[in-house]
Protein chains: 2
Amino acid sequence: MSSSSVNLKAVPGRLTSSYSEVQASRLDVSLPLPSVLKSSFSVVDGPKSSAAGNPEEIAKLFPNLFGQPSAVLNPGGSSVLSKDTSLKIGVVLSGGQAPGGHNVISGIFDYLQHCTSGSTVYGFKGGPAGIMKGKYVELSAEFVYPYRNQGGFDMIASGRDKIETPEQFKQAEETAKTLDLDGLVVIGGDDSNTNACLLAEHFRGKNIKTRVIGCPKTIDGDLKSKEVPVSFGFDTACKLYSEMIGNVMTDARSTGKYYHFVRLMGRAASHITLECALETHPNITIIGEEVAAKKQTLKSVTDYITDIICKRSELGFNYGVILIPEGLIDFIPEVQQLIAELNEILAHDVVDEAGVWKKKLQSQSHELFEFLPPTIQEQLLLERDPHGNVQVAKIETEKMLLQMVETELDKRKQEGKYKRDFLGKTHFFGYEGRCGLPTNFDANYCYALGFGAGALLHSGKTGLISSVGNLAAPVEQWTVGGTALTSLMDVERRHGKFKPVIKKAMVELEGAPFKKFASFRDEWALKNRYVNPGPIQFLGPAANAINNTLLLELGAQA
Amino acid sequence: MSSSSVNLKAVPGRLTSSYSEVQASRLDVSLPLPSVLKSSFSVVDGPKSSAAGNPEEIAKLFPNLFGQPSAVLNPGGSSVLSKDTSLKIGVVLSGGQAPGGHNVISGIFDYLQHCTSGSTVYGFKGGPAGIMKGKYVELSAEFVYPYRNQGGFDMIASGRDKIETPEQFKQAEETAKTLDLDGLVVIGGDDSNTNACLLAEHFRGKNIKTRVIGCPKTIDGDLKSKEVPVSFGFDTACKLYSEMIGNVMTDARSTGKYYHFVRLMGRAASHITLECALETHPNITIIGEEVAAKKQTLKSVTDYITDIICKRSELGFNYGVILIPEGLIDFIPEVQQLIAELNEILAHDVVDEAGVWKKKLQSQSHELFEFLPPTIQEQLLLERDPHGNVQVAKIETEKMLLQMVETELDKRKQEGKYKRDFLGKTHFFGYEGRCGLPTNFDANYCYALGFGAGALLHSGKTGLISSVGNLAAPVEQWTVGGTALTSLMDVERRHGKFKPVIKKAMVELEGAPFKKFASFRDEWALKNRYVNPGPIQFLGPAANAINNTLLLELGAQA
């Protein structure tokens, strides 16, 4: 076990002396707390819980945790927690960056400072690997301060390792024992929270005192449930992307001659693309879940875009903005089929220049392959991962669609059905959004999530995910509690075994956000209803606005 | 001559009903004016002017305007302008978008409303072509209002046509006469302002009453002089790009495994890249003017980047951020030479697969061609403009450099000089920055430029560029005047004739901004001094900050 010294070379602390004025102005902003957290409260259990699916299997996988109730913090009450308790708590960031992570840690830290005495917080470094290797730093007020309301995960850095094998559980156990941990907060996405629950089960099963609480993190917005209305970071990331989209829209309208194909981060679900559409009103938006539900092909998506471009040209508009989710092709079965066949062929055969190898493709896949732009064909054949597989993630979907639309427009031009010149530009908005300064919403939400996680650990809870609700109301009225992680779970069969999973929350075609989008998209397609959300503001009338998706979903619930 | 009806199909007006909260909040912000514009003033001439170069040739080209003094507005005085004057003024946007253009027009409009009576403003549509074709819209308070403090040029749209031939001058003259124009404001870059001056000369020479005033526009920041400290749009664009760069930096530091190669808009000069470096402190910044001055080659630029990456890896940093100006390869003579040879070869010879054609390249060009990544080689050979020329502008410099650095690192790895895995990501920040909501600085600066242009026309001036100075002071203390456009000019020899040009202001290696950057870059290279400027704020302590380049240049002047 290493000492708590920070490897200053690899993870330098921040120097507030080199902060911008905006960064500096955010440091001392006092964060509002839900009123229940501002005075004494008690933690009240709800009814026994079940699972999202296959409860009998979940019960087998989590014999000690299954069925435990969710908890809610109520003001006052008899079982007020003692301020004299001293706790040792670990915290870890897991997976990709999301704005607000630093505030979750600040919230945990501040909770322990205010509501317990002599407590210690250890920050595990570089994600779950830090737990297994016992790499950590003891957090102090001075250490935490420069990160308050700041973007990034660099306070303790994150990582993508998982605690999975018996050996790894053993390592985690060692660390928990050595540090005498009362609790651990895992800040992560669906996989990381599943992992957190397995760890909670493991500790409980072995009578180790360390309790585990999760926190919902991911800009993708695909970790949510009734009690966890949104994952943190989604709000900031969408607003950052929407700022850029809005600017590109204004440019499109001013210049009058470009179609902008904008790919947005978010591989599994299209929440980010949908939210950005609701914020900016683009002419065309592709939602992966709809493409899958309607069993659309690449050809039909191309035709859909091309049709609108042709109609717009008849109205005199020779420009537009098109939003495309990063994960689009994962939603198209024919593409999955082609890639599976290619992986098979590439593993065993030589790809001859003359193209004889293509005869090995099934006819539908062959047709699709020929339909793809040459640069994409090449990419499919040449760029392979270490296992020799096609690298789907490397395909620049926005460029692929642009080229397919160009080809289709050329065809229509020859047929006399399109008369203008088409100029396309492509963009990918991704890394710019994962580490922005958190919006007021994300800053406040994360601080409450962390504060609440502290309270749950203080009250002896384990296997819950910190849950802050009533988010459409002012912060004072937010509810605070914890949801049984097992209640969010289902099982998947992998390698002949049941594995617990928190199902990713996909865009629901019957949900309020999609329905609102669907009811407006035809108008947005042909009329230009562009909205420019502008840069995120921390002061003034627009500073506390909440993203459309969350508001609509909360409204639909009510 | 068409009527003043707006083609609503092609240029729809804005609907403030679909404005975001931030857009709406900007509409009614009252714009501060320099105090000289707030009460009566007189327009005072300075000494006779000359030219930036070849005054005798400029004198021949501008017999009616050459030598005229610059003008400055002084408070009070005897020659106060009459409020009873009624003026007919045209305004045109010329060239690429820059944040603030709408405020220049608002400034002109408001000046005429407040300081004259019964005046009319015509907005020429789609750039200089609107003047030639007589396409315009009469501006009203209702028409102008939705565009106040908003980005874009869509109020009247812009265009890249030029008024050049005798026939075109004749058309402009026709429009000026038909509309009985007292004045015309040309909002544009160096070329457009040269054009404005030629038009002023033409009108003066033919005794046409229409006077012409220019306004300095370009996000590139390469139109400036002592009296025109900065072109509008530069401040907003740089802040938008810097927001994104700062976020990518935080991501780089948090993730710890990516090098981000960021290409920034700005073809001719590297001002944007330099300003973004001063705002964010990246590890590596390439400035085109320095590359040219030091006669660097692509190989030496590649080595410079690779050396720093290797040194950083020894310090434990396996990530970083690299800024590259869009126009980089225009600054490298060997690349220009290669492209010239390629254009020649491609025009006359067949490019055989075996590569025999390469023997036609001179040895240095051949060597450079072989040094380029295969995708760039392909691009050079395949993507041609309608004249058959290589399309330099289409080369994605950031991807090219990334690939060359990868190759060099692979080599060093084999030599045991580099031990890590290298992962690169590329970005291009361009269109996102041209149409953002203008910063407070650009909003105020543009409004003053427009207001001042109105005053200059009111006082009978022509052939001047609106000049607002003392910009480091509060708006109240800004100076307002006009600089003789001929004083900014030199000549270039084209097709055997002297052509007047306003020389682009390049990054000066002896200037304060570059010197500051140069004094810090070694520290930034190896220590991580990243600054995250955050989103542009319209309220609060950071809202009125001015870009570093301008501040440093003003400081150096003082």
# chains A, B, ... in the order shown; residues from 1 in each chain; ligands from 1
call {"tool": "select_by_dssp", "arguments": {"residues": "segment 369-453 of chain A", "states": "alpha helix (DSSP H)", "output": "PyMOL selection string"}}
result
chain A and resi 369-371+374-382+397-414+431-434+440-453
call {"tool": "residues_around", "arguments": {"residues": "segment 281-289 of chain A", "least_positions_apart": "3", "cutoff": "6 Å", "atoms": "only C-alpha atoms", "output": "list in words"}}
result
Ser270, Ala277, Leu278, Ala292, Val321, Ile322, Leu323, Ile324, Leu328, Phe331, Trp524, Ala525, Arg529 and Tyr530 of chain A
call {"tool": "select_by_dssp", "arguments": {"residues": "segment 252-308 of chain A", "states": "strand (DSSP E or B)", "output": "VMD selection string"}}
result
chain A and resid 259 to 264 284 to 285
call {"tool": "closest_residue", "arguments": {"among": "B:Ser86, B:Gly256, B:Ser363, B:Leu93", "to": "Ala196 of chain B", "atoms": "only C-alpha atoms"}}
result
B:Leu93
call {"tool": "interface_residues", "arguments": {"of": "chain A", "to": "chain B", "cutoff": "8 Å", "atoms": "only C-alpha atoms", "output": "VMD selection string"}}
result
chain A and resid 9 to 10 18 to 23 25 96 to 97 151 to 154 157 to 159 244 to 245 247 to 248 250 to 251 253 to 255 315 to 317 431 to 437 529 to 542
call {"tool": "atom_distance", "arguments": {"atom1": "atom CA of Asp410 of chain A", "atom2": "atom CA of Val301 of chain A"}}
result
16.7 Å
call {"tool": "residues_around", "arguments": {"residues": "Glu290 of chain B", "least_positions_apart": "4", "cutoff": "9 Å", "atoms": "only C-alpha atoms", "output": "CSV table (one decimal) with all heavy atoms, in the first residue's frame"}}
result
chain,number,residue,atom,x,y,z
B,286,ILE,N,1.9,26.9,-32.8
B,286,ILE,CA,2.6,27.2,-34.0
B,286,ILE,C,2.1,28.5,-34.6
B,286,ILE,O,0.9,28.7,-34.8
B,286,ILE,CB,2.4,26.1,-35.1
B,286,ILE,CG1,2.7,24.7,-34.5
B,286,ILE,CG2,3.3,26.3,-36.3
B,286,ILE,CD1,4.1,24.4,-34.0
B,294,LYS,N,11.6,32.1,-39.7
B,294,LYS,CA,12.7,31.2,-39.5
B,294,LYS,C,12.9,30.2,-40.6
B,294,LYS,O,13.7,29.3,-40.4
B,294,LYS,CB,12.4,30.5,-38.1
B,294,LYS,CG,12.4,31.4,-36.9
B,294,LYS,CD,12.3,30.6,-35.6
B,294,LYS,CE,12.5,31.5,-34.4
B,294,LYS,NZ,12.2,30.8,-33.2
B,295,LYS,N,12.1,30.4,-41.6
B,295,LYS,CA,12.2,29.5,-42.8
B,295,LYS,C,12.1,28.0,-42.4
B,295,LYS,O,12.9,27.2,-42.8
B,295,LYS,CB,13.5,29.7,-43.6
B,295,LYS,CG,13.6,31.1,-44.2
B,295,LYS,CD,14.7,31.3,-45.2
B,295,LYS,CE,14.7,32.6,-45.9
B,295,LYS,NZ,14.6,33.8,-45.0
B,296,GLN,N,11.2,27.7,-41.5
B,296,GLN,CA,11.0,26.4,-41.0
B,296,GLN,C,10.4,25.5,-42.1
B,296,GLN,O,9.7,26.0,-43.0
B,296,GLN,CB,10.2,26.3,-39.8
B,296,GLN,CG,10.9,26.9,-38.5
B,296,GLN,CD,10.1,26.8,-37.3
B,296,GLN,OE1,9.1,27.5,-37.1
B,296,GLN,NE2,10.4,25.9,-36.4
B,331,PHE,N,2.6,29.4,-45.0
B,331,PHE,CA,3.8,30.1,-44.5
B,331,PHE,C,5.1,29.3,-44.8
B,331,PHE,O,6.2,29.7,-44.4
B,331,PHE,CB,3.7,30.3,-43.0
B,331,PHE,CG,2.7,31.3,-42.6
B,331,PHE,CD1,1.4,31.0,-42.2
B,331,PHE,CD2,3.0,32.7,-42.7
B,331,PHE,CE1,0.5,32.0,-41.8
B,331,PHE,CE2,2.1,33.7,-42.3
B,331,PHE,CZ,0.9,33.3,-41.9
B,507,VAL,N,1.1,38.9,-37.7
B,507,VAL,CA,1.6,38.9,-36.3
B,507,VAL,C,3.1,39.4,-36.4
B,507,VAL,O,3.9,38.9,-37.2
B,507,VAL,CB,1.6,37.4,-35.8
B,507,VAL,CG1,2.5,37.3,-34.5
B,507,VAL,CG2,0.2,37.0,-35.5
B,508,GLU,N,3.4,40.4,-35.6
B,508,GLU,CA,4.7,41.0,-35.5
B,508,GLU,C,5.5,40.3,-34.5
B,508,GLU,O,5.2,40.2,-33.3
B,508,GLU,CB,4.7,42.5,-35.2
B,508,GLU,CG,3.9,43.2,-36.3
B,508,GLU,CD,4.3,44.7,-36.4
B,508,GLU,OE1,5.4,45.0,-35.9
B,508,GLU,OE2,3.6,45.4,-36.9
B,509,LEU,N,6.7,39.7,-34.9
B,509,LEU,CA,7.5,38.9,-34.0
B,509,LEU,C,8.1,39.8,-33.0
B,509,LEU,O,8.6,39.4,-31.9
B,509,LEU,CB,8.5,38.1,-34.8
B,509,LEU,CG,7.9,37.2,-35.8
B,509,LEU,CD1,9.0,36.3,-36.5
B,509,LEU,CD2,6.8,36.3,-35.2
call {"tool": "atom_distance", "arguments": {"atom1": "atom CA of Met489 of chain A", "atom2": "atom CA of Phe234 of chain A"}}
result
21.8 Å
call {"tool": "residues_around", "arguments": {"residues": "Asn103 of chain A", "least_positions_apart": "5", "cutoff": "8 Å", "atoms": "only C-alpha atoms", "output": "ChimeraX atom specification"}}
result
/A:147-150,443-444,446-447,450
call {"tool": "atom_distance", "arguments": {"atom1": "atom CA of Gly205 of chain A", "atom2": "atom CA of Ser119 of chain A"}}
result
25.3 Å
call {"tool": "closest_residue", "arguments": {"among": "B:Lys83, B:Lys133, B:Arg211, B:Lys516", "to": "Leu199 of chain B", "atoms": "only C-alpha atoms"}}
result
B:Arg211
call {"tool": "residues_around", "arguments": {"residues": "Leu139 of chain A", "least_positions_apart": "5", "cutoff": "8 Å", "atoms": "only C-alpha atoms", "output": "list of chain:residue names"}}
result
A:Phe109, A:Thr120, A:Val121, A:Tyr122, A:Gly123, A:Val144
call {"tool": "closest_residue", "arguments": {"among": "B:Leu381, B:Ile219, B:Leu488, B:Ile108", "to": "Ile58 of chain B", "atoms": "only C-alpha atoms"}}
result
B:Leu488
call {"tool": "closest_residue", "arguments": {"among": "B:Leu368, B:Thr407, B:Met265, B:His271", "to": "Ala393 of chain B", "atoms": "only C-alpha atoms"}}
result
B:Met265
call {"tool": "decode", "arguments": {"residues": "segment 141-154 of chain A", "atoms": "all heavy atoms", "output": "PDB file, in the first residue's frame"}}
result
ATOM      1  N   ALA A 141      -9.189  20.704   2.982  1.00  0.00           N
ATOM      2  CA  ALA A 141      -9.923  21.863   2.464  1.00  0.00           C
ATOM      3  C   ALA A 141      -9.099  22.583   1.405  1.00  0.00           C
ATOM      4  O   ALA A 141      -9.626  23.011   0.376  1.00  0.00           O
ATOM      5  CB  ALA A 141     -10.269  22.816   3.605  1.00  0.00           C
ATOM      6  N   GLU A 142      -7.801  22.682   1.620  1.00  0.00           N
ATOM      7  CA  GLU A 142      -6.922  23.387   0.685  1.00  0.00           C
ATOM      8  C   GLU A 142      -6.829  22.629  -0.637  1.00  0.00           C
ATOM      9  O   GLU A 142      -6.740  23.222  -1.707  1.00  0.00           O
ATOM     10  CB  GLU A 142      -5.503  23.531   1.261  1.00  0.00           C
ATOM     11  CG  GLU A 142      -5.411  24.404   2.504  1.00  0.00           C
ATOM     12  CD  GLU A 142      -6.081  23.769   3.719  1.00  0.00           C
ATOM     13  OE1 GLU A 142      -6.034  22.515   3.842  1.00  0.00           O
ATOM     14  OE2 GLU A 142      -6.692  24.498   4.523  1.00  0.00           O
ATOM     15  N   PHE A 143      -6.827  21.310  -0.536  1.00  0.00           N
ATOM     16  CA  PHE A 143      -6.708  20.484  -1.734  1.00  0.00           C
ATOM     17  C   PHE A 143      -7.983  20.562  -2.581  1.00  0.00           C
ATOM     18  O   PHE A 143      -7.933  20.624  -3.810  1.00  0.00           O
ATOM     19  CB  PHE A 143      -6.432  19.030  -1.330  1.00  0.00           C
ATOM     20  CG  PHE A 143      -6.098  18.133  -2.486  1.00  0.00           C
ATOM     21  CD1 PHE A 143      -4.790  18.024  -2.942  1.00  0.00           C
ATOM     22  CD2 PHE A 143      -7.078  17.387  -3.123  1.00  0.00           C
ATOM     23  CE1 PHE A 143      -4.471  17.206  -4.017  1.00  0.00           C
ATOM     24  CE2 PHE A 143      -6.776  16.560  -4.203  1.00  0.00           C
ATOM     25  CZ  PHE A 143      -5.464  16.468  -4.643  1.00  0.00           C
ATOM     26  N   VAL A 144      -9.122  20.563  -1.890  1.00  0.00           N
ATOM     27  CA  VAL A 144     -10.410  20.535  -2.600  1.00  0.00           C
ATOM     28  C   VAL A 144     -10.768  21.906  -3.183  1.00  0.00           C
ATOM     29  O   VAL A 144     -11.323  22.004  -4.282  1.00  0.00           O
ATOM     30  CB  VAL A 144     -11.532  20.053  -1.639  1.00  0.00           C
ATOM     31  CG1 VAL A 144     -12.908  20.208  -2.278  1.00  0.00           C
ATOM     32  CG2 VAL A 144     -11.291  18.601  -1.223  1.00  0.00           C
ATOM     33  N   TYR A 145     -10.390  22.959  -2.456  1.00  0.00           N
ATOM     34  CA  TYR A 145     -10.858  24.307  -2.808  1.00  0.00           C
ATOM     35  C   TYR A 145     -10.704  24.698  -4.280  1.00  0.00           C
ATOM     36  O   TYR A 145     -11.661  25.178  -4.898  1.00  0.00           O
ATOM     37  CB  TYR A 145     -10.174  25.339  -1.901  1.00  0.00           C
ATOM     38  CG  TYR A 145     -10.465  26.765  -2.266  1.00  0.00           C
ATOM     39  CD1 TYR A 145     -11.709  27.333  -1.951  1.00  0.00           C
ATOM     40  CD2 TYR A 145      -9.537  27.549  -2.951  1.00  0.00           C
ATOM     41  CE1 TYR A 145     -11.989  28.637  -2.296  1.00  0.00           C
ATOM     42  CE2 TYR A 145      -9.816  28.852  -3.309  1.00  0.00           C
ATOM     43  CZ  TYR A 145     -11.040  29.400  -2.982  1.00  0.00           C
ATOM     44  OH  TYR A 145     -11.324  30.687  -3.340  1.00  0.00           O
ATOM     45  N   PRO A 146      -9.532  24.516  -4.891  1.00  0.00           N
ATOM     46  CA  PRO A 146      -9.371  24.999  -6.279  1.00  0.00           C
ATOM     47  C   PRO A 146     -10.292  24.324  -7.292  1.00  0.00           C
ATOM     48  O   PRO A 146     -10.402  24.785  -8.424  1.00  0.00           O
ATOM     49  CB  PRO A 146      -7.907  24.662  -6.621  1.00  0.00           C
ATOM     50  CG  PRO A 146      -7.247  24.389  -5.323  1.00  0.00           C
ATOM     51  CD  PRO A 146      -8.306  23.890  -4.397  1.00  0.00           C
ATOM     52  N   TYR A 147     -10.914  23.236  -6.907  1.00  0.00           N
ATOM     53  CA  TYR A 147     -11.749  22.478  -7.849  1.00  0.00           C
ATOM     54  C   TYR A 147     -13.236  22.805  -7.730  1.00  0.00           C
ATOM     55  O   TYR A 147     -14.047  22.278  -8.470  1.00  0.00           O
ATOM     56  CB  TYR A 147     -11.527  20.972  -7.642  1.00  0.00           C
ATOM     57  CG  TYR A 147     -10.097  20.554  -7.890  1.00  0.00           C
ATOM     58  CD1 TYR A 147      -9.170  20.518  -6.849  1.00  0.00           C
ATOM     59  CD2 TYR A 147      -9.665  20.224  -9.173  1.00  0.00           C
ATOM     60  CE1 TYR A 147      -7.855  20.141  -7.079  1.00  0.00           C
ATOM     61  CE2 TYR A 147      -8.352  19.849  -9.406  1.00  0.00           C
ATOM     62  CZ  TYR A 147      -7.446  19.816  -8.357  1.00  0.00           C
ATOM     63  OH  TYR A 147      -6.153  19.455  -8.595  1.00  0.00           O
ATOM     64  N   ARG A 148     -13.586  23.632  -6.777  1.00  0.00           N
ATOM     65  CA  ARG A 148     -15.004  23.928  -6.552  1.00  0.00           C
ATOM     66  C   ARG A 148     -15.613  24.602  -7.779  1.00  0.00           C
ATOM     67  O   ARG A 148     -15.087  25.586  -8.290  1.00  0.00           O
ATOM     68  CB  ARG A 148     -15.177  24.827  -5.327  1.00  0.00           C
ATOM     69  CG  ARG A 148     -14.752  24.156  -4.042  1.00  0.00           C
ATOM     70  CD  ARG A 148     -14.932  25.081  -2.856  1.00  0.00           C
ATOM     71  NE  ARG A 148     -16.260  24.958  -2.284  1.00  0.00           N
ATOM     72  CZ  ARG A 148     -16.569  24.091  -1.332  1.00  0.00           C
ATOM     73  NH1 ARG A 148     -15.664  23.282  -0.830  1.00  0.00           N
ATOM     74  NH2 ARG A 148     -17.795  24.028  -0.874  1.00  0.00           N
ATOM     75  N   ASN A 149     -16.694  24.057  -8.256  1.00  0.00           N
ATOM     76  CA  ASN A 149     -17.418  24.582  -9.420  1.00  0.00           C
ATOM     77  C   ASN A 149     -16.596  24.571 -10.709  1.00  0.00           C
ATOM     78  O   ASN A 149     -16.941  25.271 -11.660  1.00  0.00           O
ATOM     79  CB  ASN A 149     -17.925  26.015  -9.153  1.00  0.00           C
ATOM     80  CG  ASN A 149     -18.930  26.058  -8.036  1.00  0.00           C
ATOM     81  OD1 ASN A 149     -19.835  25.233  -7.966  1.00  0.00           O
ATOM     82  ND2 ASN A 149     -18.768  27.009  -7.126  1.00  0.00           N
ATOM     83  N   GLN A 150     -15.528  23.809 -10.734  1.00  0.00           N
ATOM     84  CA  GLN A 150     -14.684  23.736 -11.922  1.00  0.00           C
ATOM     85  C   GLN A 150     -14.951  22.424 -12.666  1.00  0.00           C
ATOM     86  O   GLN A 150     -15.281  21.417 -12.057  1.00  0.00           O
ATOM     87  CB  GLN A 150     -13.206  23.792 -11.524  1.00  0.00           C
ATOM     88  CG  GLN A 150     -12.832  24.943 -10.603  1.00  0.00           C
ATOM     89  CD  GLN A 150     -12.956  26.315 -11.264  1.00  0.00           C
ATOM     90  OE1 GLN A 150     -12.603  26.484 -12.423  1.00  0.00           O
ATOM     91  NE2 GLN A 150     -13.471  27.297 -10.516  1.00  0.00           N
ATOM     92  N   GLY A 151     -14.744  22.460 -13.970  1.00  0.00           N
ATOM     93  CA  GLY A 151     -14.916  21.260 -14.784  1.00  0.00           C
ATOM     94  C   GLY A 151     -13.761  20.291 -14.633  1.00  0.00           C
ATOM     95  O   GLY A 151     -12.781  20.553 -13.943  1.00  0.00           O
ATOM     96  N   GLY A 152     -13.904  19.155 -15.303  1.00  0.00           N
ATOM     97  CA  GLY A 152     -12.826  18.163 -15.304  1.00  0.00           C
ATOM     98  C   GLY A 152     -12.939  17.170 -14.173  1.00  0.00           C
ATOM     99  O   GLY A 152     -13.797  17.286 -13.284  1.00  0.00           O
ATOM    100  N   PHE A 153     -12.084  16.177 -14.236  1.00  0.00           N
ATOM    101  CA  PHE A 153     -12.011  15.145 -13.191  1.00  0.00           C
ATOM    102  C   PHE A 153     -10.602  15.103 -12.621  1.00  0.00           C
ATOM    103  O   PHE A 153     -10.199  14.124 -12.004  1.00  0.00           O
ATOM    104  CB  PHE A 153     -12.333  13.771 -13.785  1.00  0.00           C
ATOM    105  CG  PHE A 153     -13.787  13.411 -13.810  1.00  0.00           C
ATOM    106  CD1 PHE A 153     -14.782  14.334 -13.503  1.00  0.00           C
ATOM    107  CD2 PHE A 153     -14.186  12.099 -14.115  1.00  0.00           C
ATOM    108  CE1 PHE A 153     -16.126  13.977 -13.527  1.00  0.00           C
ATOM    109  CE2 PHE A 153     -15.522  11.736 -14.138  1.00  0.00           C
ATOM    110  CZ  PHE A 153     -16.493  12.684 -13.852  1.00  0.00           C
ATOM    111  N   ASP A 154      -9.828  16.151 -12.850  1.00  0.00           N
ATOM    112  CA  ASP A 154      -8.406  16.061 -12.552  1.00  0.00           C
ATOM    113  C   ASP A 154      -8.053  16.179 -11.076  1.00  0.00           C
ATOM    114  O   ASP A 154      -6.889  15.992 -10.715  1.00  0.00           O
ATOM    115  CB  ASP A 154      -7.614  17.071 -13.384  1.00  0.00           C
ATOM    116  CG  ASP A 154      -8.177  18.485 -13.311  1.00  0.00           C
ATOM    117  OD1 ASP A 154      -9.390  18.650 -13.530  1.00  0.00           O
ATOM    118  OD2 ASP A 154      -7.405  19.410 -13.036  1.00  0.00           O
TER     119      ASP A 154
END
